Amino acid sequence: MQANSPFSPAPAQVRIDLAERSYPILIGTGLLGNASTFQGLPAAAAALVVSNTTVAPLYAAQLSQALQAHYARVLLVTLPDGEAHKNWPTLQLIFDALLENVCDRKTVLFALGGGVVGDMAGFAAASYMRGVPFVQVPTTLLAQVDSSVGGKTAINHPLGKNMIGAFYQPQLVVCDLDALQTLPGRELSAGLAEIIKYGPIADMAFFGWLESNLDALLAKEPAALAYAIQRSCEIKAWVVSQDEREAGLRAVLNFGHTFGHAIESGLGYGQWLHGEGVGCGMVMAAHLSAQLGRVDAAFVQRLTRLIERAGLPVKAPVLSTANNAGRYMDLMRIDKKSEAGEIRFVVIDGPGKAAVCAAPDALVRGVIDLCCA
Ligand code: NAD
Ligand code: GLY
């Protein structure tokens, strides 16, 4: 895994290596409105841009114009915005648009938006006529460093996050740094959570770089953003190329997510952002790692400090006044990593290395009590 010079302004390309399902991730400026970005995609009569009520007014016209060089018909479906809409009725709107416009099985879907749009458009692409090509055009930092890459697509169920979905790889990922300039600060911080994640699980040198360059990232300096996105995508590309369908290794990308998903579903989707749940979840998982003797208190403090500096919550919310730890445990049992009702956690097994393991209930409850206090 080679990183480019930290401040190279040149557009970068990271490749996801998956034999016949391989594809490039483009990272640069001026990409989404440029017809040449989309050269070489499968030929089709129609393209459907899937976006939402916030992103479509900002970027759909630019993208559609670029796509008109390649497709006779460029259609748009605009979904309601927000995690609370990542569900069956919203997914149905994509199928409605495809069928009402008599879209055939060559139609290419373009997901224009954050992770919610990307996950839903990807799932629609995986299932419409048993699979049509799709392209990710992520417009949040979180989507550029994580959700648009690696082919996980899903919708939520009221009982559990991302519980219904498919593995389905895009043909291309286009990370246009310009789009991040309109991103609200809270969403930028949410994206930083997934970037920070890559340090403790895989690359402490990158973690050190983040400590030194966090202010530049918070100020949306393009060179810093470009490097952080590229390095994150390189790490994710490496993990996904080893374990596309999460038979083992890929689970490390879920560091902080077991606690984080419990927070998201326990509070009701959309109360805390996904990245906020992951940020706080990483603090909780770091405490658990320390309780299990895998890292020391100094590491927990160092990670907590960076997460806090990124503008993310580090104190966990109380989900039940009657039995808070019990509520967390119940929610965490509904997790794709659980086996026979046993919760499995991603822990840090020494800085820069992650492992997946079960933990004694009493220890986990202790961590929840500590982090909610
Ligand atoms: P999001 O998609 O809800 O986007 C955040 C907000 O920013 C939304 O209101 C959106 O409309 C707005 N927005 C998007 N781009 C914008 C822009 N350029 N300017 C202004 N506003 C903009 O949230 P997210 O953080 O991007 O993604 C979170 C979702 O991603 C969760 O559902 C999570 O489960 C999923 N996810 C999936 C994977 C995966 O591997 N598939 C990985 C991580 C997260
Ligand atoms: N975001 C976790 C994964 O892609 O596996």
# chains A, B, ... in the order shown; residues from 1 in each chain; ligands from 1
call {"tool": "closest_atom_pairs", "arguments": {"of": "chain A", "to": "ligand 2", "cutoff": "12 Å", "atoms": "only C-alpha atoms and all ligand atoms", "output": "CSV"}}
result
residue,atom,partner,partner_atom_place_in_ligand_line,distance
A:Gly115,CA,ligand 2,1 (N),10.1
A:Asp119,CA,ligand 2,4 (O),10.8
A:Leu142,CA,ligand 2,1 (N),9.8
A:Ala143,CA,ligand 2,1 (N),9.6
A:Gln144,CA,ligand 2,1 (N),11.4
A:Val145,CA,ligand 2,1 (N),9.3
A:Asp146,CA,ligand 2,1 (N),5.8
A:Ser147,CA,ligand 2,1 (N),5.9
A:Ser148,CA,ligand 2,4 (O),8.5
A:Val149,CA,ligand 2,4 (O),7.0
A:Gly150,CA,ligand 2,4 (O),5.7
A:Gly151,CA,ligand 2,4 (O),7.4
A:Lys152,CA,ligand 2,4 (O),6.0
A:Thr153,CA,ligand 2,4 (O),9.2
A:Ala154,CA,ligand 2,4 (O),11.2
A:Asn162,CA,ligand 2,1 (N),10.7
A:Ala166,CA,ligand 2,4 (O),11.8
A:Phe167,CA,ligand 2,4 (O),9.8
A:Tyr168,CA,ligand 2,4 (O),11.5
A:Gln169,CA,ligand 2,4 (O),11.3
A:Gly191,CA,ligand 2,1 (N),11.8
A:Ala193,CA,ligand 2,1 (N),11.5
A:Glu194,CA,ligand 2,1 (N),8.2
A:Ile195,CA,ligand 2,1 (N),10.9
A:Lys197,CA,ligand 2,1 (N),10.1
A:Tyr198,CA,ligand 2,1 (N),10.7
A:Ser232,CA,ligand 2,1 (N),11.4
A:Cys233,CA,ligand 2,4 (O),10.7
A:Ile235,CA,ligand 2,4 (O),11.1
A:Lys236,CA,ligand 2,4 (O),7.6
A:Ala237,CA,ligand 2,4 (O),9.7
A:Trp238,CA,ligand 2,4 (O),11.6
A:Val239,CA,ligand 2,5 (O),8.6
A:Val240,CA,ligand 2,5 (O),7.5
A:Ser241,CA,ligand 2,5 (O),11.2
A:Gln242,CA,ligand 2,5 (O),11.6
A:Asp243,CA,ligand 2,5 (O),9.3
A:Glu244,CA,ligand 2,5 (O),8.4
A:Arg245,CA,ligand 2,5 (O),8.4
A:Glu246,CA,ligand 2,5 (O),7.0
A:Ala247,CA,ligand 2,5 (O),10.7
A:Gly248,CA,ligand 2,5 (O),10.5
A:Leu249,CA,ligand 2,5 (O),9.4
A:Arg250,CA,ligand 2,5 (O),5.6
A:Ala251,CA,ligand 2,5 (O),6.2
A:Val252,CA,ligand 2,5 (O),7.7
A:Leu253,CA,ligand 2,2 (C),4.7
A:Asn254,CA,ligand 2,2 (C),5.3
A:Phe255,CA,ligand 2,2 (C),8.6
A:Gly256,CA,ligand 2,2 (C),10.5
A:His257,CA,ligand 2,2 (C),8.6
A:Thr258,CA,ligand 2,2 (C),11.3
A:His261,CA,ligand 2,1 (N),11.7
A:His274,CA,ligand 2,1 (N),10.8
A:Gly275,CA,ligand 2,1 (N),10.8
A:Val278,CA,ligand 2,1 (N),10.3
A:Lys336,CA,ligand 2,5 (O),11.0
A:Lys337,CA,ligand 2,5 (O),11.2
A:Val346,CA,ligand 2,2 (C),11.7
call {"tool": "residues_around", "arguments": {"residues": "stretch 59-61 of chain A", "least_positions_apart": "5", "cutoff": "9 Å", "atoms": "only C-alpha atoms", "output": "list of chain:residue names"}}
result
A:Leu32, A:Gly33, A:Val49, A:Val50, A:Ser51, A:Ala66, A:Leu76, A:Leu112, A:Ala179
call {"tool": "residues_around", "arguments": {"residues": "A:Gly160", "least_positions_apart": "3", "cutoff": "7 Å", "atoms": "only C-alpha atoms", "output": "list in words"}}
result
Asn156, His157, Met163, Ser265 and Ile334 of chain A
call {"tool": "write_last_selection", "arguments": {"atoms": "C-alpha atoms", "output": "PDB file, in the first residue's frame"}}
result
ATOM      1  CA  ASN A 156     -32.294  -0.346   7.128  1.00  0.00           C
ATOM      2  CA  HIS A 157     -34.957  -2.314   8.996  1.00  0.00           C
ATOM      3  CA  MET A 163     -29.930  -5.568   7.505  1.00  0.00           C
ATOM      4  CA  SER A 265     -30.978   2.489  15.841  1.00  0.00           C
ATOM      5  CA  ILE A 334     -28.847  -7.632  15.965  1.00  0.00           C
TER       6      ILE A 334
END
call {"tool": "select_by_dssp", "arguments": {"residues": "stretch 95-233 of chain A", "states": "helix (DSSP H, G or I)", "output": "PyMOL selection string"}}
result
chain A and resi 95-100+115-130+141-147+177-182+185-202+204-218+222-233
call {"tool": "closest_residue", "arguments": {"among": "A:Val364, A:Met282, A:Leu214, A:Cys175", "to": "A:Ile229", "atoms": "only C-alpha atoms"}}
result
A:Cys175
call {"tool": "atom_distance", "arguments": {"atom1": "atom CA of A:Val295", "atom2": "atom CA of A:Val347"}}
result
9.2 Å
call {"tool": "residues_around", "arguments": {"residues": "A:Leu306", "least_positions_apart": "6", "cutoff": "9 Å", "atoms": "only C-alpha atoms", "output": "list in words"}}
result
Ile196, Leu210, Glu211 and Leu214 of chain A
